[in-house]
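Colleague: Take a look at the following structure, please.
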Amino acid sequence: MAFNFETLQKTSPIWFRKAGTEGDVVLGIMGRLVRNLRGHAFPGWSTAEGRRAVINKLLPAILNSPGYKTAYHAEMNRLSYAHRRALLERRQISPCMAARRDGCHLIVSRKQDTVIMLNEEEHLAIHAFSAEADFPALLSRMQHLPEALSRTCDFAYDPRHGYLTSLPGEAGEGVQLYCVLHLPALTLSNMMPQVNRSIDKLQLNISPFYPHLGEECGNIYVLYTAPIIRGAMEEIHIHFTDIMQTLVNRENQVRSRLLELHETGDLFLTNRLNRCYGLLRYARALTQAEWVDAISLLRLGVCYGLVKPTESTEEELLAQLACQLIHGGEYPHGEDIPPRNHPRAATAPEIARCANICELLRRTELLTDPRKI
């Protein structure tokens, strides 16, 4: 079906809606699978005619595959700057794809849990998302389409190196694994530099979820593998899962220690939580950095039982805050947003963030409120 951006935006991706249902630390997982057609130049070196040849080969086969006959589809040159930015903020396209135009196509499944990019950095790039930390199920979902396409398409494969990619050093299984982690306790305890060094030694990578806002903004990080070499899928998957669980355990240990300090009368946790709650409850305009930092601490407060929902369960509130955290407080940009009357005036997105979260906070109670102690 045609790409209707307005329809797409009416519902958030299923990963956003279920983020954090696996626990307080793991917010979700992602996977990237890439393939290239044999005998065709890589997108970075291809001509317009070459890109069209790739599209003519892959696009009809994908749109006729089970699960994609009703998917959203569009060529990138038909999407406005505002649409591209919104898709980028929702983690539904890569930065490379956001800059692409002619001969580059985007396909989003109806559930918005799988995104297919044609002529991105590779001829075929599949991104899959899940709120559940089930990597075997995620890999199976990603690999189903390439396996079906391989019956009619000849993917570039070398018996020694595996699937070939635009960067020779990334040849292999054509797969990368990602995990989104909420680590406020480790961040507040200044332990992330130590974590970074340990992750480097274990041949994995960890980076901020919002790199443009600062290394520790929002206390949310992405743990990920390098492109997996040929024959190492099972080994890397087990290694990655072990490290992910180790980080979860370490975060929970530090959270327990912070709670012990709080119970002895230490004001570190209480002070940080009260500041964030007050900022979200009474501020009229918030920058994105202020917003994600405060949401992160508020979610930690719910985990500790220091912020109580009055009209829902704690699990529902945690899930709502996880969605807000991953979404990053981004709101539509474009010509429909009114301009500022003064260079220092608040922008419409800054005002919208406050209106959005205030409605949620009205249905909560802060148990560390000094007026009630």
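Residue names in the structure tokens use chain letters A, B, ... in the order shown, residue numbers from 1 in each chain, and ligand numbers from 1 in the order shown.
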Can you list, as a PDB file with N, CA and C atoms, in the first residue's frame, every residue of segment 92-152 of chain A that DSSP puts in strand (DSSP E or B)?
Modeller:
```pdb
ATOM      1  N   HIS A 105      14.295   2.962  -1.321  1.00  0.00           N
ATOM      2  CA  HIS A 105      12.919   2.706  -0.894  1.00  0.00           C
ATOM      3  C   HIS A 105      12.865   2.251   0.555  1.00  0.00           C
ATOM      4  N   LEU A 106      11.759   2.608   1.207  1.00  0.00           N
ATOM      5  CA  LEU A 106      11.520   2.270   2.609  1.00  0.00           C
ATOM      6  C   LEU A 106      10.229   1.467   2.708  1.00  0.00           C
ATOM      7  N   ILE A 107      10.275   0.364   3.455  1.00  0.00           N
ATOM      8  CA  ILE A 107       9.103  -0.478   3.684  1.00  0.00           C
ATOM      9  C   ILE A 107       8.977  -0.702   5.188  1.00  0.00           C
ATOM     10  N   VAL A 108       7.813  -0.384   5.753  1.00  0.00           N
ATOM     11  CA  VAL A 108       7.565  -0.538   7.193  1.00  0.00           C
ATOM     12  C   VAL A 108       6.391  -1.481   7.368  1.00  0.00           C
ATOM     13  N   THR A 114       9.242  -4.211  12.029  1.00  0.00           N
ATOM     14  CA  THR A 114      10.261  -4.542  11.042  1.00  0.00           C
ATOM     15  C   THR A 114      10.317  -3.445   9.992  1.00  0.00           C
ATOM     16  N   VAL A 115      11.514  -2.973   9.698  1.00  0.00           N
ATOM     17  CA  VAL A 115      11.723  -1.936   8.689  1.00  0.00           C
ATOM     18  C   VAL A 115      12.713  -2.459   7.661  1.00  0.00           C
ATOM     19  N   ILE A 116      12.378  -2.304   6.381  1.00  0.00           N
ATOM     20  CA  ILE A 116      13.249  -2.745   5.295  1.00  0.00           C
ATOM     21  C   ILE A 116      13.696  -1.524   4.511  1.00  0.00           C
ATOM     22  N   MET A 117      14.999  -1.386   4.325  1.00  0.00           N
ATOM     23  CA  MET A 117      15.563  -0.277   3.552  1.00  0.00           C
ATOM     24  C   MET A 117      16.291  -0.842   2.338  1.00  0.00           C
ATOM     25  N   LEU A 118      15.946  -0.348   1.157  1.00  0.00           N
ATOM     26  CA  LEU A 118      16.566  -0.779  -0.086  1.00  0.00           C
ATOM     27  C   LEU A 118      17.492   0.309  -0.601  1.00  0.00           C
ATOM     28  N   LEU A 124      20.032  -4.442   0.610  1.00  0.00           N
ATOM     29  CA  LEU A 124      18.915  -4.818   1.471  1.00  0.00           C
ATOM     30  C   LEU A 124      19.352  -4.724   2.921  1.00  0.00           C
ATOM     31  N   ALA A 125      18.651  -3.920   3.700  1.00  0.00           N
ATOM     32  CA  ALA A 125      18.926  -3.799   5.138  1.00  0.00           C
ATOM     33  C   ALA A 125      17.618  -3.971   5.887  1.00  0.00           C
ATOM     34  N   ILE A 126      17.585  -4.922   6.800  1.00  0.00           N
ATOM     35  CA  ILE A 126      16.384  -5.212   7.585  1.00  0.00           C
ATOM     36  C   ILE A 126      16.666  -4.878   9.042  1.00  0.00           C
ATOM     37  N   HIS A 127      15.832  -4.022   9.630  1.00  0.00           N
ATOM     38  CA  HIS A 127      15.919  -3.701  11.051  1.00  0.00           C
ATOM     39  C   HIS A 127      14.685  -4.275  11.739  1.00  0.00           C
ATOM     40  N   ALA A 128      14.891  -5.049  12.778  1.00  0.00           N
ATOM     41  CA  ALA A 128      13.782  -5.637  13.538  1.00  0.00           C
ATOM     42  C   ALA A 128      13.876  -5.206  14.989  1.00  0.00           C
ATOM     43  N   PHE A 129      12.720  -5.021  15.635  1.00  0.00           N
ATOM     44  CA  PHE A 129      12.654  -4.511  17.001  1.00  0.00           C
ATOM     45  C   PHE A 129      11.770  -5.419  17.839  1.00  0.00           C
ATOM     46  N   SER A 130      12.090  -5.526  19.124  1.00  0.00           N
ATOM     47  CA  SER A 130      11.273  -6.309  20.039  1.00  0.00           C
ATOM     48  C   SER A 130      11.425  -5.773  21.451  1.00  0.00           C
TER      49      SER A 130
END
```
Colleague: What's the 8 Å shell around segment 281-294 of chain A, counting only C-alpha atoms, without same-chain residues fewer than 4 positions away, as a VMD selection string?
Modeller: chain A and resid 213 217 to 219 276 to 277 298 325 328 to 330 346 to 347 350 to 355 357 to 358 361
Colleague: Would you mind reading off the distance between atom CA of Met191 of chain A and atom CA of Glu251 of chain A, one decimal, in Å?
Modeller: 9.9 Å
Colleague: Tell me which of A:Leu306, A:Cys96, A:Ile228, A:Leu79 sits closest to Leu164 of chain A, counting only C-alpha atoms.
Modeller: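 The answer is A:Ile228, which sits nearest to Leu164 of chain A.
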Colleague: Can you write out as a tab-separated table which residues of segment 123-180 of chain A fall within 9 Å of segment 232-249 of chain A, alongside each residue's closest atom pair and its distance in Å to one decimal, counting only C-alpha atoms and ordering rows by chain and ascending residue number?
Modeller:
```
residue	atom	partner	partner_atom	distance
A:Phe135	CA	A:His237	CA	7.9
A:Pro136	CA	A:His237	CA	8.8
A:Gly172	CA	A:Ala232	CA	8.7
A:Glu173	CA	A:Met233	CA	7.2
A:Val175	CA	A:Met233	CA	8.4
A:Leu177	CA	A:His237	CA	8.1
A:Cys179	CA	A:Met244	CA	7.7
```
Colleague: Write out the residues from the selection above, keeping N, CA and C atoms, as a CSV table (one decimal), in the first residue's frame.
Modeller:
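Dumped everything to result20.csv:
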```csv
chain,number,residue,atom,x,y,z
A,135,PHE,N,16.4,-13.0,21.6
A,135,PHE,CA,17.2,-12.9,20.3
A,135,PHE,C,16.9,-14.0,19.3
A,136,PRO,N,16.7,-15.3,19.7
A,136,PRO,CA,16.4,-16.3,18.7
A,136,PRO,C,15.2,-16.0,17.9
A,172,GLY,N,30.5,-11.4,6.5
A,172,GLY,CA,30.3,-12.5,7.4
A,172,GLY,C,28.8,-12.9,7.5
A,173,GLU,N,28.2,-12.9,8.6
A,173,GLU,CA,26.8,-13.3,8.8
A,173,GLU,C,25.9,-12.2,8.3
A,175,VAL,N,24.9,-9.7,10.2
A,175,VAL,CA,24.0,-9.5,11.3
A,175,VAL,C,24.7,-8.7,12.4
A,177,LEU,N,23.6,-7.3,16.5
A,177,LEU,CA,22.6,-7.4,17.6
A,177,LEU,C,22.7,-6.2,18.5
A,179,CYS,N,21.0,-4.1,22.1
A,179,CYS,CA,20.1,-4.1,23.3
A,179,CYS,C,20.1,-2.7,24.0
```
Colleague: From the set A:Leu366, A:Ala86, A:Leu267, A:Leu145, which residue has the shortest atom-to-atom contact distance to Asn64 of chain A, counting only C-alpha atoms?
Modeller: A:Leu145
Colleague: Pick the closest to Glu216 of chain A from A:Gly231, A:Gly67, A:Gly31, A:Pro184: which is it, counting only C-alpha atoms?
Modeller: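 Smallest distance to Glu216 of chain A is found for A:Pro184.
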Colleague: Measure the distance from atom CA of Gly174 of chain A to atom CA of Gly162 of chain A in Å and round it to one decimal.
Modeller: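 The value is 8.0 Å.
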Colleague: As a VMD selection string, please: all residues of segment 71-165 of chain A that backbone DSSP puts in helix (DSSP H, G or I).
Modeller: chain A and resid 76 to 78 81 to 89 95 to 98 135 to 149
Colleague: Go ahead and save the picked residues with C-alpha atoms, as a PDB file, in the first residue's frame.
Modeller:
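Everything below was put into again12.pdb:
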```pdb
ATOM      1  CA  MET A  76      12.722   8.343  -0.055  1.00  0.00           C
ATOM      2  CA  ASN A  77      12.501  11.281  -2.464  1.00  0.00           C
ATOM      3  CA  ARG A  78       8.744  11.416  -1.754  1.00  0.00           C
ATOM      4  CA  TYR A  81      12.419  16.598   5.659  1.00  0.00           C
ATOM      5  CA  ALA A  82       9.950  16.569   8.571  1.00  0.00           C
ATOM      6  CA  HIS A  83       8.875  13.006   7.762  1.00  0.00           C
ATOM      7  CA  ARG A  84      12.475  11.821   7.508  1.00  0.00           C
ATOM      8  CA  ARG A  85      13.364  13.425  10.807  1.00  0.00           C
ATOM      9  CA  ALA A  86      10.363  11.875  12.539  1.00  0.00           C
ATOM     10  CA  LEU A  87      11.261   8.418  11.201  1.00  0.00           C
ATOM     11  CA  LEU A  88      14.855   8.914  12.339  1.00  0.00           C
ATOM     12  CA  GLU A  89      13.721   9.934  15.831  1.00  0.00           C
ATOM     13  CA  PRO A  95      21.010   8.260   9.410  1.00  0.00           C
ATOM     14  CA  CYS A  96      22.356   7.035   6.073  1.00  0.00           C
ATOM     15  CA  MET A  97      18.849   6.273   4.820  1.00  0.00           C
ATOM     16  CA  ALA A  98      17.558   9.658   5.982  1.00  0.00           C
ATOM     17  CA  PHE A 135      17.171 -12.899  20.346  1.00  0.00           C
ATOM     18  CA  PRO A 136      16.424 -16.306  18.725  1.00  0.00           C
ATOM     19  CA  ALA A 137      12.882 -15.132  17.867  1.00  0.00           C
ATOM     20  CA  LEU A 138      14.226 -11.803  16.575  1.00  0.00           C
ATOM     21  CA  LEU A 139      16.830 -13.521  14.380  1.00  0.00           C
ATOM     22  CA  SER A 140      14.235 -15.925  13.019  1.00  0.00           C
ATOM     23  CA  ARG A 141      11.975 -13.027  12.056  1.00  0.00           C
ATOM     24  CA  MET A 142      14.810 -11.169  10.320  1.00  0.00           C
ATOM     25  CA  GLN A 143      16.103 -14.193   8.432  1.00  0.00           C
ATOM     26  CA  HIS A 144      12.748 -15.372   7.121  1.00  0.00           C
ATOM     27  CA  LEU A 145      12.529 -12.795   4.312  1.00  0.00           C
ATOM     28  CA  PRO A 146      16.124 -13.171   2.989  1.00  0.00           C
ATOM     29  CA  GLU A 147      15.692 -16.948   2.950  1.00  0.00           C
ATOM     30  CA  ALA A 148      12.546 -16.561   0.847  1.00  0.00           C
ATOM     31  CA  LEU A 149      14.211 -14.007  -1.476  1.00  0.00           C
TER      32      LEU A 149
END
```
Colleague: Given the choices A:Ala131, A:Leu300, A:Ser312, A:Asn56, which gets closest to Cys153 of chain A if the distance is worked out from only C-alpha atoms?
Modeller: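 Among the listed residues, the smallest separation from Cys153 of chain A belongs to A:Asn56.
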Colleague: Pick the closest to Arg272 of chain A from A:Ala322, A:Leu188, A:Leu204, A:Leu317: which is it, counting only C-alpha atoms?
Modeller: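 Under the stated criterion, the closest residue is A:Leu188.
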Colleague: Leaving out Gly39 of chain A and any residue of its chain fewer than 5 positions from it, which residues lie within 12 Å of it when counting only C-alpha atoms, given as a VMD selection string?
Modeller: chain A and resid 46 50 53 to 54 123 153 to 157 164
Colleague: Can you tell me, as a CSV table (one decimal) with N, CA and C atoms, in the first residue's frame, what residues are no more than 12 Å from Glu49 of chain A when counting only C-alpha atoms, ignoring any on the same chain fewer than 6 positions away?
Modeller:
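What follows is the written file out25.csv:
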```
chain,number,residue,atom,x,y,z
A,40,HIS,N,25.9,-6.4,-8.8
A,40,HIS,CA,25.5,-5.0,-8.7
A,40,HIS,C,26.4,-4.2,-7.8
A,41,ALA,N,26.7,-2.9,-8.3
A,41,ALA,CA,27.5,-2.1,-7.4
A,41,ALA,C,26.8,-1.7,-6.1
A,43,PRO,N,25.4,0.5,-3.1
A,43,PRO,CA,24.6,1.8,-3.2
A,43,PRO,C,25.5,3.0,-3.2
A,55,ILE,N,16.2,-2.2,-7.3
A,55,ILE,CA,14.8,-2.1,-6.9
A,55,ILE,C,13.9,-3.0,-7.7
A,56,ASN,N,14.1,-3.0,-9.0
A,56,ASN,CA,13.2,-3.9,-9.8
A,56,ASN,C,13.3,-5.4,-9.5
A,102,ASP,N,16.7,9.4,-4.6
A,102,ASP,CA,16.3,8.6,-5.8
A,102,ASP,C,16.8,7.2,-5.7
A,103,GLY,N,15.9,6.3,-6.0
A,103,GLY,CA,16.2,4.9,-6.1
A,103,GLY,C,16.4,4.2,-4.8
A,104,CYS,N,16.0,4.8,-3.7
A,104,CYS,CA,16.1,4.3,-2.3
A,104,CYS,C,14.7,4.1,-1.8
```
